[in-house]
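upload26.txt (compact mmCIF, C-alpha atoms)
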# COMPACT_ATOMS: atom_id res chain seq x y z
CA LYS A 1 153.21 23.19 -70.20
CA ALA A 2 153.15 26.94 -69.66
CA ARG A 3 151.86 29.69 -71.95
CA MET A 4 152.41 33.42 -71.73
CA ALA A 5 150.66 36.44 -73.23
CA ILE A 6 152.11 39.94 -73.44
CA GLY A 7 149.45 42.64 -73.55
CA GLY A 8 148.67 46.27 -72.89
CA TYR A 9 148.31 49.42 -74.91
CA VAL A 10 150.03 52.61 -75.99
CA LYS A 11 147.93 55.73 -75.34
CA LEU A 12 148.65 59.37 -76.14
CA ASP A 13 146.46 62.02 -74.46
CA TYR A 14 146.11 65.68 -75.39
CA ILE A 15 144.47 67.80 -72.66
CA GLN A 16 143.12 71.33 -73.02
CA ASP A 17 142.31 72.67 -69.56
CA PHE A 18 140.13 75.79 -69.27
CA ASP A 19 140.06 76.57 -65.53
CA GLY A 20 143.47 75.70 -64.06
CA GLY A 21 142.87 72.28 -62.53
CA TYR A 22 145.61 71.23 -60.10
CA ASP A 23 146.42 67.87 -61.72
CA ARG A 24 147.68 68.19 -65.28
CA PHE A 25 147.34 64.49 -66.13
CA GLN A 26 143.95 63.36 -64.77
CA TYR A 27 140.97 65.23 -63.36
CA GLU A 28 140.07 64.09 -59.88
CA ILE A 29 137.22 66.09 -58.36
CA GLN A 30 139.38 67.30 -55.48
CA ASN A 31 141.63 69.13 -57.98
CA ALA A 32 138.92 71.52 -59.18
CA PRO A 33 139.94 75.10 -58.28
CA VAL A 34 137.94 76.91 -55.59
CA ALA A 35 138.55 80.63 -55.25
CA GLY A 36 140.00 81.73 -51.91
CA ASP A 37 140.78 78.27 -50.52
CA GLY A 38 144.49 78.96 -50.10
CA ARG A 39 145.75 77.07 -53.13
CA PRO A 40 147.56 79.25 -55.68
CA ALA A 41 145.30 80.11 -58.60
CA GLN A 42 146.47 79.19 -62.08
CA SER A 43 145.10 79.72 -65.57
CA GLY A 44 144.18 77.09 -68.14
CA TYR A 45 146.86 75.17 -70.04
CA MET A 46 147.54 72.27 -72.40
CA ASN A 47 149.31 69.01 -71.71
CA MET A 48 150.25 66.02 -73.81
CA HIS A 49 151.46 62.76 -72.29
CA ALA A 50 151.56 58.96 -72.62
CA ARG A 51 151.53 58.02 -68.91
CA GLU A 52 148.51 55.76 -69.16
CA SER A 53 150.32 53.41 -71.55
CA ARG A 54 150.82 50.02 -69.93
CA PHE A 55 152.10 46.50 -70.49
CA ASN A 56 151.41 43.21 -68.76
CA PHE A 57 152.57 39.62 -68.60
CA ASP A 58 150.01 36.85 -68.13
CA ILE A 59 151.53 33.39 -67.43
CA ARG A 60 149.34 30.29 -67.04
CA SER A 61 150.02 26.61 -66.49
CA ILE A 62 148.99 23.52 -64.51
CA ASN A 63 150.97 22.24 -61.51
CA GLU A 64 151.92 18.65 -60.68
CA ALA A 65 148.65 18.11 -58.81
CA GLY A 66 146.61 19.15 -61.86
CA ARG A 67 145.54 22.55 -60.52
CA PRO A 68 145.62 25.52 -62.90
CA TYR A 69 147.58 28.58 -61.86
CA GLN A 70 148.16 32.09 -63.19
CA ILE A 71 150.73 34.82 -62.57
CA PHE A 72 149.84 38.33 -63.74
CA ILE A 73 152.02 41.46 -63.61
CA GLU A 74 151.09 44.87 -65.03
CA LEU A 75 152.87 48.23 -65.01
CA ASP A 76 152.02 51.71 -66.26
CA PHE A 77 153.76 55.10 -65.93
CA TYR A 78 151.42 57.13 -63.68
CA ASN A 79 154.04 58.10 -61.07
CA LEU A 80 152.66 61.56 -60.36
CA ASP A 81 154.72 61.89 -57.17
CA ARG A 82 158.01 61.84 -59.08
CA GLY A 83 157.86 65.08 -61.06
CA ALA A 84 156.00 66.15 -64.16
CA PHE A 85 158.28 64.44 -66.66
CA ASN A 86 159.72 61.55 -64.64
CA GLN A 87 157.70 58.67 -66.06
CA ALA A 88 159.22 55.66 -64.30
CA PRO A 89 157.18 52.43 -64.39
CA ARG A 90 154.56 51.98 -61.65
CA LEU A 91 153.31 48.61 -60.42
CA ARG A 92 149.56 48.22 -60.99
CA HIS A 93 149.05 44.49 -60.50
CA ALA A 94 151.20 41.62 -59.27
CA TYR A 95 149.33 38.51 -58.19
CA GLY A 96 149.11 34.77 -58.50
CA VAL A 97 146.02 32.57 -58.70
CA MET A 98 146.01 28.89 -57.72
CA GLY A 99 142.62 27.33 -58.28
CA ARG A 100 140.18 29.52 -56.31
CA LEU A 101 142.84 31.36 -54.28
CA LEU A 102 144.34 34.73 -55.29
CA VAL A 103 147.38 36.19 -53.48
CA GLY A 104 149.04 39.49 -54.36
CA ARG A 105 148.11 43.01 -55.39
CA THR A 106 145.14 43.83 -57.62
CA TRP A 107 141.78 45.58 -57.49
CA GLY A 108 140.02 45.20 -54.15
CA THR A 109 137.26 42.62 -53.83
CA GLN A 110 134.62 45.34 -53.53
CA SER A 111 135.80 47.15 -56.70
CA ASP A 112 133.33 46.53 -59.53
CA LEU A 113 135.18 47.12 -62.80
CA PHE A 114 132.04 46.27 -64.78
CA ALA A 115 130.49 49.47 -63.42
CA VAL A 116 133.43 51.80 -64.15
CA PRO A 117 132.51 54.49 -66.70
CA ALA A 118 134.14 54.41 -70.12
CA THR A 119 136.00 57.73 -70.03
CA ILE A 120 139.10 59.04 -71.76
CA ASP A 121 140.24 60.88 -68.61
CA PHE A 122 142.21 58.46 -66.43
CA ALA A 123 140.40 59.37 -63.17
CA ALA A 124 137.06 58.20 -64.66
CA GLY A 125 135.12 60.72 -62.60
CA ASP A 126 136.50 59.26 -59.34
CA ALA A 127 133.75 56.68 -59.76
CA LEU A 128 135.30 53.54 -58.34
CA THR A 129 134.66 52.12 -54.89
CA GLY A 130 137.89 50.59 -53.59
CA THR A 131 141.49 50.70 -54.84
CA ARG A 132 144.20 48.26 -55.89
CA ARG A 133 145.48 46.49 -52.75
CA ALA A 134 147.59 43.68 -51.38
CA GLN A 135 145.20 40.86 -50.49
CA VAL A 136 144.39 37.19 -50.04
CA ARG A 137 141.10 36.28 -51.76
CA TRP A 138 138.99 33.14 -52.12
CA GLU A 139 136.40 33.05 -54.91
CA ASP A 140 134.01 30.28 -55.93
CA LYS A 141 130.55 29.51 -57.29
CA LEU A 142 127.49 29.82 -55.08
CA GLY A 143 124.92 27.57 -56.68
CA SER A 144 124.40 27.72 -60.43
CA LYS A 145 123.76 31.45 -60.82
CA PHE A 146 125.98 33.25 -58.34
CA MET A 147 129.66 33.76 -57.50
CA TYR A 148 131.07 34.86 -54.16
CA ALA A 149 134.42 36.12 -52.93
CA LEU A 150 135.89 36.69 -49.45
CA ALA A 151 139.18 38.47 -48.79
CA LEU A 152 141.57 39.97 -46.28
CA GLU A 153 143.05 43.19 -47.69
CA MET A 154 145.47 45.98 -46.79
CA LEU A 155 143.72 49.32 -46.29
CA GLU A 156 146.33 51.52 -47.98
CA TYR A 157 144.52 54.87 -47.63
CA PRO A 158 142.91 55.04 -44.16
CA GLY A 159 141.99 58.70 -44.65
CA ILE A 160 142.40 59.93 -41.06
CA ASP A 161 142.48 63.70 -40.55
CA ALA A 162 144.87 64.51 -37.71
CA ARG A 163 145.90 68.05 -38.53
CA ASP A 164 148.36 69.46 -35.96
CA THR A 165 148.34 66.12 -34.09
CA ILE A 166 151.33 63.90 -33.37
CA GLY A 167 151.02 60.33 -34.59
CA GLN A 168 150.25 58.23 -37.64
CA ALA A 169 147.60 55.94 -39.05
CA SER A 170 148.55 52.36 -38.19
CA GLN A 171 146.11 49.45 -38.52
CA GLN A 172 146.49 46.33 -36.39
CA LEU A 173 143.92 44.32 -38.38
CA PRO A 174 143.36 43.76 -42.12
CA LEU A 175 140.19 44.79 -43.90
CA LEU A 176 137.58 42.03 -44.23
CA THR A 177 135.45 42.19 -47.37
CA GLY A 178 133.15 40.07 -49.48
CA ARG A 179 130.96 40.22 -52.56
CA ILE A 180 128.23 38.30 -54.38
CA THR A 181 127.78 38.64 -58.15
CA LYS A 182 125.18 37.35 -60.58
CA LYS A 183 125.24 37.30 -64.37
CA THR A 184 122.06 38.49 -66.05
CA ALA A 185 120.27 36.93 -68.99
CA ALA A 186 121.38 39.81 -71.24
CA GLY A 187 125.05 39.29 -70.37
CA GLY A 188 125.37 41.96 -67.69
CA ARG A 189 126.22 41.56 -64.02
CA LEU A 190 124.82 42.51 -60.62
CA PHE A 191 127.27 43.18 -57.78
CA LEU A 192 126.65 43.41 -54.02
CA GLY A 193 129.62 44.01 -51.70
CA ALA A 194 130.37 44.76 -48.05
CA SER A 195 133.45 45.58 -45.97
CA VAL A 196 134.37 46.00 -42.32
CA PHE A 197 137.70 47.44 -41.23
CA GLN A 198 139.66 49.08 -38.45
CA LEU A 199 140.68 52.74 -38.42
CA ARG A 200 143.43 53.39 -35.88
CA TRP A 201 145.57 56.34 -34.88
CA ASP A 202 148.89 55.59 -33.19
CA GLY A 203 149.81 58.49 -30.91
CA LEU A 204 153.50 57.48 -30.89
CA GLY A 205 153.61 57.83 -27.10
CA ALA A 206 152.72 61.53 -27.22
CA MET A 207 148.96 60.93 -26.95
CA PRO A 208 146.67 57.93 -26.41
CA ASN A 209 146.04 55.57 -29.32
CA SER A 210 142.54 55.68 -30.76
CA ARG A 211 140.48 53.14 -32.72
CA ALA A 212 137.19 53.15 -34.61
CA LEU A 213 135.19 50.69 -36.69
CA GLY A 214 134.55 51.40 -40.35
CA TRP A 215 132.03 49.61 -42.56
CA GLY A 216 130.16 49.97 -45.82
CA PHE A 217 127.95 48.39 -48.48
CA SER A 218 127.87 48.79 -52.25
CA PHE A 219 125.51 47.85 -55.07
CA SER A 220 126.53 48.21 -58.70
CA GLY A 221 126.29 46.62 -62.08
CA ARG A 222 126.02 46.76 -65.84
CA GLU A 223 123.19 45.68 -68.14
CA TYR A 224 122.93 45.41 -71.93
CA PHE A 225 119.93 46.31 -74.07
CA GLY A 226 118.92 46.58 -77.72
CA ALA A 227 120.07 44.76 -80.82
CA LYS A 228 123.36 46.71 -80.86
CA LYS A 229 124.17 45.74 -77.26
CA HIS A 230 124.07 49.24 -75.80
CA TRP A 231 124.65 49.17 -72.05
CA PHE A 232 124.06 51.19 -68.92
CA ARG A 233 125.96 51.11 -65.65
CA TRP A 234 125.28 52.19 -62.10
CA MET A 235 127.00 52.18 -58.74
CA ALA A 236 126.10 53.25 -55.23
CA SER A 237 127.67 52.79 -51.81
CA TYR A 238 127.28 54.01 -48.24
CA GLY A 239 129.26 53.50 -45.05
CA GLN A 240 130.70 54.87 -41.82
CA GLY A 241 134.33 55.89 -42.13
CA TRP A 242 133.73 55.07 -45.79
CA GLY A 243 135.78 57.91 -47.28
CA SER A 244 138.77 55.56 -47.35
CA GLN A 245 136.84 53.39 -49.85
CA ILE A 246 135.79 56.05 -52.39
CA VAL A 247 138.48 56.97 -54.89
CA ALA A 248 137.29 60.60 -55.04
CA THR A 249 138.28 61.20 -51.41
CA ILE A 250 141.78 59.67 -51.43
CA GLY A 251 144.19 62.26 -50.08
CA THR A 252 141.48 64.38 -48.45
CA GLN A 253 141.36 62.53 -45.08
CA ALA A 254 137.61 61.96 -45.35
CA SER A 255 137.20 58.78 -43.25
CA ALA A 256 137.74 59.96 -39.69
CA ILE A 257 139.19 62.82 -37.67
CA VAL A 258 141.19 62.93 -34.45
CA THR A 259 139.15 65.13 -32.09
CA PRO A 260 140.69 67.59 -29.57
CA GLU A 261 140.03 64.94 -26.90
CA GLY A 262 142.18 62.46 -28.81
CA THR A 263 139.35 60.15 -29.89
CA LEU A 264 138.73 59.01 -33.46
CA GLU A 265 135.43 60.22 -34.93
CA THR A 266 134.31 58.50 -38.14
CA MET A 267 132.32 60.29 -40.84
CA PRO A 268 129.57 58.84 -43.08
CA ALA A 269 130.23 58.88 -46.82
CA TRP A 270 128.35 57.80 -49.92
CA ASN A 271 128.62 57.83 -53.68
CA PHE A 272 126.40 57.03 -56.63
CA GLY A 273 126.60 57.32 -60.38
CA GLY A 274 125.32 56.10 -63.70
CA GLY A 275 126.08 56.13 -67.37
CA LEU A 276 125.20 54.99 -70.87
CA ALA A 277 127.25 53.51 -73.69
CA LEU A 278 125.46 53.89 -77.03
CA ARG A 279 126.79 51.96 -80.03
CA LEU A 280 126.06 54.40 -82.87
CA SER A 281 127.67 52.03 -85.38
CA ASN A 282 130.04 49.08 -85.44
CA THR A 283 132.98 51.46 -85.02
CA LEU A 284 131.55 54.45 -83.10
CA VAL A 285 130.45 54.54 -79.44
CA ALA A 286 129.10 57.48 -77.43
CA ASN A 287 129.52 57.42 -73.63
CA LEU A 288 127.69 59.62 -71.12
CA ASN A 289 128.56 59.35 -67.43
CA SER A 290 128.06 61.21 -64.17
CA ASN A 291 129.15 60.44 -60.60
CA TYR A 292 128.57 62.07 -57.22
CA TYR A 293 129.99 61.58 -53.75
CA ALA A 294 129.68 63.31 -50.37
CA ILE A 295 130.63 63.02 -46.70
CA ASP A 296 128.82 64.25 -43.63
CA PRO A 297 131.76 66.21 -42.20
CA SER A 298 132.68 66.34 -38.54
CA GLU A 299 132.32 69.69 -36.78
CA TYR A 300 136.12 69.65 -36.53
CA LYS A 301 136.69 69.62 -40.29
CA GLU A 302 137.95 72.95 -41.60
CA GLY A 303 135.94 75.12 -43.96
CA TYR A 304 138.04 74.58 -47.06
CA ASP A 305 138.16 70.79 -46.70
CA MET A 306 136.25 68.99 -49.44
CA LYS A 307 132.71 67.86 -48.59
CA SER A 308 131.24 66.67 -51.89
CA GLY A 309 131.75 66.64 -55.61
CA ILE A 310 130.22 65.74 -58.94
CA SER A 311 131.67 64.86 -62.33
CA GLY A 312 130.28 64.55 -65.84
CA HIS A 313 131.87 63.10 -68.98
CA VAL A 314 130.65 62.96 -72.59
CA ASN A 315 132.80 61.34 -75.26
CA LEU A 316 132.90 59.74 -78.70
CA ILE A 317 135.28 56.82 -79.33
CA TRP A 318 135.94 55.66 -82.88
CA SER A 319 137.61 52.34 -83.72
CA PRO A 320 138.62 52.44 -87.38
CA LEU A 321 140.72 49.31 -86.82
CA LYS A 322 140.21 46.43 -84.39
CA ASN A 323 143.06 47.47 -82.07
CA LEU A 324 142.93 51.25 -82.59
CA ASN A 325 140.76 53.72 -80.65
CA VAL A 326 140.54 57.46 -81.33
CA GLY A 327 138.40 59.65 -79.08
CA ALA A 328 137.38 63.08 -77.88
CA GLU A 329 135.83 63.94 -74.51
CA PHE A 330 134.41 66.95 -72.71
CA LEU A 331 134.37 66.74 -68.93
CA ALA A 332 133.33 69.00 -66.08
CA VAL A 333 133.83 68.52 -62.33
CA GLN A 334 132.60 70.55 -59.36
CA ARG A 335 134.04 70.55 -55.86
CA THR A 336 132.08 71.73 -52.79
CA ASN A 337 133.86 72.50 -49.53
CA VAL A 338 132.64 72.27 -45.96
CA ASN A 339 131.97 76.04 -45.93
CA GLU A 340 129.82 75.62 -49.08
CA THR A 341 132.27 77.38 -51.39
CA GLN A 342 132.40 75.75 -54.82
CA GLY A 343 134.66 75.54 -57.82
CA THR A 344 134.28 74.07 -61.29
CA GLY A 345 136.81 72.66 -63.73
CA ARG A 346 136.35 71.92 -67.44
CA ARG A 347 138.52 70.13 -69.97
CA LEU A 348 138.66 68.81 -73.49
CA GLN A 349 140.69 65.65 -73.93
CA PHE A 350 141.69 63.75 -77.05
CA MET A 351 143.31 60.33 -77.27
CA VAL A 352 144.84 57.83 -79.64
CA LYS A 353 145.17 54.33 -78.19
CA TYR A 354 146.61 51.19 -79.76
CA LEU A 355 145.96 47.91 -77.96
CA PHE A 356 148.26 44.92 -78.33
Please rewrite the model in this file as structure tokens.
Amino acid sequence: KARMAIGGYVKLDYIQDFDGGYDRFQYEIQNAPVAGDGRPAQSGYMNMHARESRFNFDIRSINEAGRPYQIFIELDFYNLDRGAFNQAPRLRHAYGVMGRLLVGRTWGTQSDLFAVPATIDFAAGDALTGTRRAQVRWEDKLGSKFMYALALEMLEYPGIDARDTIGQASQQLPLLTGRITKKTAAGGRLFLGASVFQLRWDGLGAMPNSRALGWGFSFSGREYFGAKKHWFRWMASYGQGWGSQIVATIGTQASAIVTPEGTLETMPAWNFGGGLALRLSNTLVANLNSNYYAIDPSEYKEGYDMKSGISGHVNLIWSPLKNLNVGAEFLAVQRTNVNETQGTGRRLQFMVKYLF
């Protein structure tokens, strides 16, 4: 009564970096070099790797009560915290679906994968709102044209800046989020999402605990046009303490800061972006994408902390065979710090990807 599919792809990337970006495998905006910010300067380099390769297991069946269920597990090799050449498997997804209920780890409910840019670089211009998270989600139809989803999720990257402060981020409540989606007549999709969550600093007995409320909204989507089914995408979001929800800010403590008085001050953040996918032929696609994000930094943020950034990607992807993609991409990112210093990074990236 059960059926299983094994899927994934093998991908080889060749990277030619021109400006000494601090991540040799993907180009997040925060890793653009900025002169004089205290990070050691480095020159350009090349890298070749297969970390993005992945495999998954998709198992589906029907239980004794007649309800369909699914179990999905996916791993890749992007363990960047384990050394440059230690490519141990990394868990991307592990969840089960029973009817309308999803339990496990996968993309957050407010993550719109339809609006993610088609880039060769793995970071995709830091475009996504939300991350993969442990969650419990309910999803169902809302009338004949809409779908909705509600979920409780683990906020894995609270993004609290507590430099020189004793304590740790420690939520007492899960994140509450929801979305409404609508398919368009052309086959695209509109996406509206919202989240509310707790940001909390545990002083570990050395200072008072502090709490703050975070929230945010997002609007995104994809739409097709023309006889060749070209498409364009867009995404935008805004919120208070929202840095924890924008992939570009992960690791930069951009949601809130512990003030000298021991209180938790949240910071507004926003992002927006757009892009085009142009089908030049049945086997050749050109993609153009740009994304921007920014925070309104607290007066307590230091000068060389990141305040905003922008990314741009242009690529050509050729599919000579159904399951084979070959591509080349030029990308540029710019980081702006609180003290208005800026730095730019540029790369060429080539790929060969076989999907199975």
Go through segment 70-174 of chain A residue by residue and, counting all atoms listed in the file, keep those with an atom at most 12 Å from segment 334-355 of chain A; for each kept residue give the shortest atom pair and its distance in Å to one decimal, ordered by chain and increasing number, as CSV.
residue,atom,partner,partner_atom,distance
A:Thr119,CA,A:Gln349,CA,10.0
A:Ile120,CA,A:Met351,CA,7.1
A:Asp121,CA,A:Gln349,CA,7.2
A:Phe122,CA,A:Gln349,CA,10.5
A:Gly125,CA,A:Gln334,CA,10.7
A:Asp126,CA,A:Gln334,CA,11.9
(request) Choose the residue, out of A:Pro158, A:Gly214, A:Gly274, A:Gly99, that has the smallest atom-to-atom separation from Gly251 of chain A; count only C-alpha atoms. (result) A:Pro158
(request) Go through A:Ile166, A:Leu176, A:Val247, A:Ala294 one by one, measure the shortest atom-to-atom distance of each to Met207 of chain A using all atoms listed in the file, and give the residue with the smallest value. (result)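 Closest to Met207 of chain A, using all atoms listed in the file: A:Ile166.
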(message) For a quick check of understanding, using only C-alpha atoms, which of A:Lys301, A:Ala286, A:Gly221, A:Tyr157 has the smallest distance to Ser319 of chain A?
(response)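 Closest to Ser319 of chain A, using only C-alpha atoms: A:Ala286.
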(request) For His313 of chain A, please output as a list of chain:residue names all residues within 9 Å (counting only C-alpha atoms; exclusion window: fewer than 5 positions along the same chain). (result)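 With the cut-off at 9 Å, the set is A:Pro117, A:Thr119, A:Ile120, A:Asp121, A:Ala124, A:Gly125, A:Asn287, A:Leu288, A:Asn289, A:Ser290, A:Glu329, A:Phe330, A:Leu331, A:Ala332, A:Val333.
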(request) Fewer than 2 positions away in the same chain doesn't count, so skip those; otherwise give me all residues within 12 Å of Ile250 of chain A, counting all atoms listed in the file, as a PyMOL selection string. (result) chain A and resi 28-31+123+126-131+155-161+242-248+252-255+306
Keeping only C-alpha atoms, write the selected residues to a file as a PDB file, keeping the file's coordinate frame.
ATOM      1  CA  GLU A  28     140.070  64.090 -59.880  1.00  0.00           C
ATOM      2  CA  ILE A  29     137.220  66.090 -58.360  1.00  0.00           C
ATOM      3  CA  GLN A  30     139.380  67.300 -55.480  1.00  0.00           C
ATOM      4  CA  ASN A  31     141.630  69.130 -57.980  1.00  0.00           C
ATOM      5  CA  ALA A 123     140.400  59.370 -63.170  1.00  0.00           C
ATOM      6  CA  ASP A 126     136.500  59.260 -59.340  1.00  0.00           C
ATOM      7  CA  ALA A 127     133.750  56.680 -59.760  1.00  0.00           C
ATOM      8  CA  LEU A 128     135.300  53.540 -58.340  1.00  0.00           C
ATOM      9  CA  THR A 129     134.660  52.120 -54.890  1.00  0.00           C
ATOM     10  CA  GLY A 130     137.890  50.590 -53.590  1.00  0.00           C
ATOM     11  CA  THR A 131     141.490  50.700 -54.840  1.00  0.00           C
ATOM     12  CA  LEU A 155     143.720  49.320 -46.290  1.00  0.00           C
ATOM     13  CA  GLU A 156     146.330  51.520 -47.980  1.00  0.00           C
ATOM     14  CA  TYR A 157     144.520  54.870 -47.630  1.00  0.00           C
ATOM     15  CA  PRO A 158     142.910  55.040 -44.160  1.00  0.00           C
ATOM     16  CA  GLY A 159     141.990  58.700 -44.650  1.00  0.00           C
ATOM     17  CA  ILE A 160     142.400  59.930 -41.060  1.00  0.00           C
ATOM     18  CA  ASP A 161     142.480  63.700 -40.550  1.00  0.00           C
ATOM     19  CA  TRP A 242     133.730  55.070 -45.790  1.00  0.00           C
ATOM     20  CA  GLY A 243     135.780  57.910 -47.280  1.00  0.00           C
ATOM     21  CA  SER A 244     138.770  55.560 -47.350  1.00  0.00           C
ATOM     22  CA  GLN A 245     136.840  53.390 -49.850  1.00  0.00           C
ATOM     23  CA  ILE A 246     135.790  56.050 -52.390  1.00  0.00           C
ATOM     24  CA  VAL A 247     138.480  56.970 -54.890  1.00  0.00           C
ATOM     25  CA  ALA A 248     137.290  60.600 -55.040  1.00  0.00           C
ATOM     26  CA  THR A 252     141.480  64.380 -48.450  1.00  0.00           C
ATOM     27  CA  GLN A 253     141.360  62.530 -45.080  1.00  0.00           C
ATOM     28  CA  ALA A 254     137.610  61.960 -45.350  1.00  0.00           C
ATOM     29  CA  SER A 255     137.200  58.780 -43.250  1.00  0.00           C
ATOM     30  CA  MET A 306     136.250  68.990 -49.440  1.00  0.00           C
TER      31      MET A 306
END
(request) Find, counting only C-alpha atoms, the residue in A:Gly7, A:Gly108, A:Gly303, A:Gly275 that gets nearest to His230 of chain A. (result) A:Gly275
(request) Could you jot down the atom CA of Ser210 of chain A to atom CA of Thr263 of chain A separation for me, Å, one decimal place? (result)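 Separation of atom CA of Ser210 of chain A and atom CA of Thr263 of chain A: 5.6 Å.
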(request) Would you work out the distance separating atom CA of Thr177 of chain A from atom CA of Gln110 of chain A, expressed in Å to one decimal? (result)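 Separation of atom CA of Thr177 of chain A and atom CA of Gln110 of chain A: 7.0 Å.
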(request) Select, counting only C-alpha atoms, all protein, DNA and RNA residues no farther than 10 Å from (129.4, 49.7, -53.0) in file coordinates, and express the selection as number ranges by chain. (result) A: 110-112, 128-130, 179, 191-195, 216-220, 235-239, 242, 245-246, 270-272
(request) Between atom CA of Gln42 of chain A and atom CA of Leu316 of chain A, measure the distance and give it in Å to one decimal. (result) 29.0 Å
